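Asks: Dropping a structure here in structure tokens format, bear with me for questions.
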Amino acid sequence: MAKSVAELQALAKTIRRDIIQMIGTAGSGHPGGSLSAVEIVVQLYFDFMRIDPKKPKWRDRDRFILSKGHGCPVLYAAMAEAGFTPKEQLNTLRKLGSIYQGHPDMRFLPSLEASTGSLGQGLSLGLGMGLADRLDGRPCRTYVMLGDGEIQEGQIWEAAMSGAYHKVENVVAIVDYNGIQLDGFVKDIMEVAPLAEKFRAFGWNTQEINGHDFAAIRGALEQAQATKGRPSCIVAHTVKGKGVSFMENNPKFHGVAPSADEVKLALQELQ
């Protein structure tokens, strides 16, 4: 059943609180890029993808691949809220033996679609799945979230060339374009702009949106779904650390966990 924007916004706030608590308890992790991706992941898991937590390996399901695997707290929180995985174990993030490893690992969490975190590989995985579904005549669609620092990897562009050549119309790449990577601002390390133009030049149906606007996200997903004969890319402009004032646009919080006091402040802001 379709959810209202207000319901999706409430879910997004819950997911953000879970992210802060998980990473704060672990004492390590990647809060910035987890928080920037919240609205996109919430829209996919709760109001767009054909999925069933009671049948996580349903053959005709849609798939989500988090290629920027270090942002896994947002994926874990969404999967737990959706009923795929146990919510009560979220605070075991990054602990020895936890199902919630520091990067998505199918050996610990079989309901994942892929083990990711070696940056640059997710789009190739997604295209392989899309081609297999086309060969099998399945209605499945695959959504691959990429980081803007990640797309500095050459394999991304080999995959982009391949996806357009083979007209893999059931694959959608979503770039979490928050402008910050591990060592600072993307523009100061290896500029990827003009990003939408690059994907268009590679033959992809490409849209640019506000990645925190639920109506814009849904509209872009619907347009991608209606596109035939080529894959789609959604360049989602987002804010690193979205929802927590002292984390927003702050490169420090790419890969640094909040302190106990910062966790309290963040949770107060997210009430």
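Lettering and numbering for the structure tokens are positional, with chains as A, B, ... in the shown order, residues counted from 1 in each chain, and ligands counted from 1 in the shown order.
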Check which residues of segment 32-106 of chain A sit at most 9 Å from segment 218-240 of chain A using only C-alpha atoms, and return one row each with the closest pair of atoms and their distance in Å to one decimal, ordered by chain and rising number, as a Markdown table.

Replies:
```
| residue | atom | partner | partner_atom | distance |
| --- | --- | --- | --- | --- |
| A:Gly32 | CA | A:Lys240 | CA | 4.9 |
| A:Gly33 | CA | A:Lys240 | CA | 5.7 |
| A:Ser34 | CA | A:Lys240 | CA | 8.2 |
| A:Leu35 | CA | A:Lys240 | CA | 6.8 |
| A:Ser36 | CA | A:Lys240 | CA | 5.0 |
| A:Ala37 | CA | A:Thr238 | CA | 7.5 |
| A:Ile40 | CA | A:Ala236 | CA | 8.6 |
| A:Gln43 | CA | A:Arg218 | CA | 7.1 |
| A:Leu44 | CA | A:Arg218 | CA | 8.5 |
| A:Asp47 | CA | A:Arg218 | CA | 8.4 |
| A:Phe48 | CA | A:Arg218 | CA | 7.7 |
```

Asks: Which residues are close to Leu112 of chain A, i.e. within 9 Å by only C-alpha atoms, leaving aside same-chain residues fewer than 3 positions away? Reply as JSON, numbers by chain.

Replies: {"A": [56, 63, 64, 65, 104, 105, 106, 109, 115]}

Asks: For the residues in that selection, give me N, CA and C atoms as a compact mmCIF listing (two decimals), in the first residue's frame.

Replies:
```txt
# COMPACT_ATOMS: atom_id res chain seq x y z
N PRO A 56 12.21 -13.17 1.31
CA PRO A 56 13.32 -12.30 0.88
C PRO A 56 13.99 -12.75 -0.41
N ARG A 63 15.51 -5.58 -6.60
CA ARG A 63 16.74 -5.67 -5.81
C ARG A 63 17.34 -4.30 -5.55
N PHE A 64 17.98 -4.18 -4.40
CA PHE A 64 18.73 -2.96 -4.08
C PHE A 64 20.15 -3.36 -3.72
N ILE A 65 21.11 -2.75 -4.39
CA ILE A 65 22.53 -2.98 -4.12
C ILE A 65 23.15 -1.68 -3.62
N PRO A 104 28.27 -4.55 4.06
CA PRO A 104 27.27 -5.61 3.83
C PRO A 104 27.91 -6.93 3.42
N ASP A 105 27.57 -7.99 4.12
CA ASP A 105 28.19 -9.30 3.90
C ASP A 105 27.10 -10.37 3.92
N MET A 106 26.87 -10.98 2.76
CA MET A 106 25.80 -11.97 2.62
C MET A 106 26.05 -13.23 3.46
N LEU A 109 24.30 -12.03 6.52
CA LEU A 109 22.94 -11.53 6.31
C LEU A 109 22.47 -11.96 4.92
N SER A 115 27.30 -8.67 -1.36
CA SER A 115 28.33 -8.21 -0.42
C SER A 115 29.07 -7.07 -1.11
```

Asks: In terms of the shortest atom-to-atom distance over only C-alpha atoms, which of A:Ile151, A:Leu182, A:Ala216, A:Val171 is closest to His30 of chain A?

Replies: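 Among A:Ile151, A:Leu182, A:Ala216, A:Val171, it is A:Leu182 that comes nearest to His30 of chain A.
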
Asks: Give me, as a ChimeraX atom specification, the residues of segment 95-264 of chain A that a backbone DSSP run labels strand (DSSP E or B).

Replies: /A:142-147,171-177,180-181,184-185,205-210,232-237

Asks: Out of segment 53-226 of chain A, which residues get helix (DSSP H, G or I) from DSSP, as an MDAnalysis selection string?

Replies: chainID A and resid 69:82 87:92 122:136 150:152 154:165 186:189 195:201 214:226

Asks: Just write the chosen residues, C-alpha atoms, as a PDB file, in the first residue's frame.

Replies:
```pdb
ATOM      1  CA  GLY A  69      28.894  -0.382   1.227  1.00  0.00           C
ATOM      2  CA  HIS A  70      30.380   1.745   4.011  1.00  0.00           C
ATOM      3  CA  GLY A  71      26.969   3.476   4.195  1.00  0.00           C
ATOM      4  CA  CYS A  72      25.397   0.206   5.373  1.00  0.00           C
ATOM      5  CA  PRO A  73      23.824   1.595   8.578  1.00  0.00           C
ATOM      6  CA  VAL A  74      21.067   3.166   6.461  1.00  0.00           C
ATOM      7  CA  LEU A  75      20.473  -0.147   4.694  1.00  0.00           C
ATOM      8  CA  TYR A  76      20.485  -2.175   7.919  1.00  0.00           C
ATOM      9  CA  ALA A  77      18.090   0.240   9.620  1.00  0.00           C
ATOM     10  CA  ALA A  78      15.689   0.171   6.652  1.00  0.00           C
ATOM     11  CA  MET A  79      15.799  -3.617   6.312  1.00  0.00           C
ATOM     12  CA  ALA A  80      15.132  -4.025  10.030  1.00  0.00           C
ATOM     13  CA  GLU A  81      12.260  -1.532   9.983  1.00  0.00           C
ATOM     14  CA  ALA A  82      10.788  -3.309   6.946  1.00  0.00           C
ATOM     15  CA  LYS A  87      15.773  -4.648  14.780  1.00  0.00           C
ATOM     16  CA  GLU A  88      16.845  -5.553  18.309  1.00  0.00           C
ATOM     17  CA  GLN A  89      20.321  -6.468  17.005  1.00  0.00           C
ATOM     18  CA  LEU A  90      21.058  -3.165  15.242  1.00  0.00           C
ATOM     19  CA  ASN A  91      23.258  -2.000  18.102  1.00  0.00           C
ATOM     20  CA  THR A  92      25.601  -4.940  17.497  1.00  0.00           C
ATOM     21  CA  GLY A 122      28.128  -2.566  -7.480  1.00  0.00           C
ATOM     22  CA  LEU A 123      27.032  -1.258 -10.867  1.00  0.00           C
ATOM     23  CA  SER A 124      28.631  -4.227 -12.632  1.00  0.00           C
ATOM     24  CA  LEU A 125      26.831  -6.575 -10.230  1.00  0.00           C
ATOM     25  CA  GLY A 126      23.529  -4.833 -10.859  1.00  0.00           C
ATOM     26  CA  LEU A 127      23.902  -4.977 -14.621  1.00  0.00           C
ATOM     27  CA  GLY A 128      24.659  -8.689 -14.451  1.00  0.00           C
ATOM     28  CA  MET A 129      21.484  -9.236 -12.439  1.00  0.00           C
ATOM     29  CA  GLY A 130      19.501  -7.093 -14.863  1.00  0.00           C
ATOM     30  CA  LEU A 131      20.745  -9.034 -17.875  1.00  0.00           C
ATOM     31  CA  ALA A 132      19.962 -12.355 -16.175  1.00  0.00           C
ATOM     32  CA  ASP A 133      16.422 -11.205 -15.392  1.00  0.00           C
ATOM     33  CA  ARG A 134      15.940 -10.113 -19.011  1.00  0.00           C
ATOM     34  CA  LEU A 135      17.129 -13.487 -20.278  1.00  0.00           C
ATOM     35  CA  ASP A 136      14.721 -15.228 -17.885  1.00  0.00           C
ATOM     36  CA  GLU A 150      33.071   5.988  -5.518  1.00  0.00           C
ATOM     37  CA  ILE A 151      32.388   6.928  -9.121  1.00  0.00           C
ATOM     38  CA  GLN A 152      35.974   8.072  -9.451  1.00  0.00           C
ATOM     39  CA  GLY A 154      37.169   3.350 -13.517  1.00  0.00           C
ATOM     40  CA  GLN A 155      35.043   0.210 -13.282  1.00  0.00           C
ATOM     41  CA  ILE A 156      31.953   2.393 -12.839  1.00  0.00           C
ATOM     42  CA  TRP A 157      32.459   3.858 -16.303  1.00  0.00           C
ATOM     43  CA  GLU A 158      33.209   0.496 -17.902  1.00  0.00           C
ATOM     44  CA  ALA A 159      29.888  -0.666 -16.445  1.00  0.00           C
ATOM     45  CA  ALA A 160      28.140   2.491 -17.642  1.00  0.00           C
ATOM     46  CA  MET A 161      29.377   1.888 -21.177  1.00  0.00           C
ATOM     47  CA  SER A 162      28.320  -1.758 -21.038  1.00  0.00           C
ATOM     48  CA  GLY A 163      24.864  -1.022 -19.588  1.00  0.00           C
ATOM     49  CA  ALA A 164      23.997   1.399 -22.353  1.00  0.00           C
ATOM     50  CA  TYR A 165      25.410  -0.848 -25.093  1.00  0.00           C
ATOM     51  CA  VAL A 186      34.907  15.716  -4.015  1.00  0.00           C
ATOM     52  CA  LYS A 187      35.636  18.852  -6.048  1.00  0.00           C
ATOM     53  CA  ASP A 188      39.037  19.202  -4.349  1.00  0.00           C
ATOM     54  CA  ILE A 189      40.068  15.554  -4.823  1.00  0.00           C
ATOM     55  CA  LEU A 195      27.901  14.383 -13.587  1.00  0.00           C
ATOM     56  CA  ALA A 196      24.496  14.156 -15.275  1.00  0.00           C
ATOM     57  CA  GLU A 197      26.073  15.104 -18.586  1.00  0.00           C
ATOM     58  CA  LYS A 198      28.611  12.302 -18.214  1.00  0.00           C
ATOM     59  CA  PHE A 199      25.941   9.636 -17.751  1.00  0.00           C
ATOM     60  CA  ARG A 200      23.940  11.080 -20.645  1.00  0.00           C
ATOM     61  CA  ALA A 201      27.055  10.941 -22.830  1.00  0.00           C
ATOM     62  CA  PHE A 214      10.102  12.251  -1.573  1.00  0.00           C
ATOM     63  CA  ALA A 215       7.898  13.485  -4.419  1.00  0.00           C
ATOM     64  CA  ALA A 216      10.954  14.111  -6.596  1.00  0.00           C
ATOM     65  CA  ILE A 217      12.426  10.706  -5.772  1.00  0.00           C
ATOM     66  CA  ARG A 218       9.220   8.873  -6.600  1.00  0.00           C
ATOM     67  CA  GLY A 219       8.756  10.858  -9.803  1.00  0.00           C
ATOM     68  CA  ALA A 220      12.279  10.006 -10.937  1.00  0.00           C
ATOM     69  CA  LEU A 221      11.818   6.310 -10.134  1.00  0.00           C
ATOM     70  CA  GLU A 222       8.550   6.241 -12.090  1.00  0.00           C
ATOM     71  CA  GLN A 223      10.175   7.937 -15.062  1.00  0.00           C
ATOM     72  CA  ALA A 224      13.037   5.448 -14.970  1.00  0.00           C
ATOM     73  CA  GLN A 225      10.576   2.566 -14.819  1.00  0.00           C
ATOM     74  CA  ALA A 226       8.806   3.885 -17.909  1.00  0.00           C
TER      75      ALA A 226
END
```

Asks: Atom CA of Glu39 of chain A and atom CA of Gly211 of chain A, how far apart in Å?

Replies: 6.9 Å

Asks: What's around segment 179-181 of chain A at 7 Å? Count only C-alpha atoms, leave out sequence neighbours fewer than 2 positions away in its own chain, and write the answer as a list in words.

Replies: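 The filter keeps Asp148, Gly149, Tyr177, Asp183, Gly184, Phe185, Val186, Lys240, Pro251 and His254 of chain A.
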
Asks: Any chance you can output those residues with N, CA and C atoms as a short mmCIF file (atom, residue, chain, number, x, y, z; two decimals), in the first residue's frame?

Replies:
```
data_model
loop_
_atom_site.label_atom_id
_atom_site.label_comp_id
_atom_site.auth_asym_id
_atom_site.auth_seq_id
_atom_site.Cartn_x
_atom_site.Cartn_y
_atom_site.Cartn_z
N ASP A 148 29.39 9.45 -4.69
CA ASP A 148 30.02 10.35 -5.66
C ASP A 148 31.54 10.25 -5.62
N GLY A 149 32.12 9.89 -4.46
CA GLY A 149 33.54 9.58 -4.44
C GLY A 149 33.82 8.25 -5.11
N TYR A 177 24.82 12.10 -4.37
CA TYR A 177 25.74 13.17 -4.75
C TYR A 177 25.80 14.21 -3.62
N ASP A 183 38.49 11.95 2.18
CA ASP A 183 39.55 12.92 2.47
C ASP A 183 39.12 14.37 2.31
N GLY A 184 37.86 14.63 2.05
CA GLY A 184 37.42 16.02 1.91
C GLY A 184 36.34 16.16 0.86
N PHE A 185 36.28 17.34 0.25
CA PHE A 185 35.25 17.62 -0.74
C PHE A 185 35.64 17.01 -2.09
N VAL A 186 34.66 16.39 -2.74
CA VAL A 186 34.91 15.72 -4.02
C VAL A 186 35.57 16.66 -5.02
N LYS A 240 25.48 15.70 2.94
CA LYS A 240 26.20 14.76 3.81
C LYS A 240 25.80 15.06 5.26
N PRO A 251 33.07 17.24 6.47
CA PRO A 251 33.85 16.06 6.05
C PRO A 251 34.29 15.17 7.21
N HIS A 254 32.42 11.85 7.62
CA HIS A 254 32.38 10.78 6.61
C HIS A 254 32.59 9.43 7.30
#
```

Asks: Can you tell me, as a PyMOL selection string, what residues are no more than 10 Å from Arg59 of chain A when counting only C-alpha atoms, ignoring any on the same chain fewer than 5 positions away?

Replies: chain A and resi 51+133+138-140

Asks: Please produce a file of the residues just selected, as a PDB file, in the first residue's frame, where the atoms kept are C-alpha atoms.

Replies:
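Contents of out-v7.pdb, freshly written:
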```
ATOM      1  CA  ILE A  51       9.743  -6.864  -2.170  1.00  0.00           C
ATOM      2  CA  ASP A 133      16.422 -11.205 -15.392  1.00  0.00           C
ATOM      3  CA  ARG A 138      11.429 -11.747 -15.250  1.00  0.00           C
ATOM      4  CA  PRO A 139       9.787  -8.431 -14.268  1.00  0.00           C
ATOM      5  CA  CYS A 140      12.487  -7.633 -11.675  1.00  0.00           C
TER       6      CYS A 140
END
```

Asks: Using only C-alpha atoms, pick whichever of A:Ala193, A:Ile99, A:Leu265, A:Leu270 has the shortest atom-to-atom distance to Ser111 of chain A.

Replies: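 Result for the nearest residue to Ser111 of chain A: A:Ile99.
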
Asks: Could you check how far atom CA of Ile209 of chain A sits from atom CA of Gly120 of chain A, in Å to one decimal?

Replies: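 Result for atom CA of Ile209 of chain A versus atom CA of Gly120 of chain A: 22.5 Å, one decimal.
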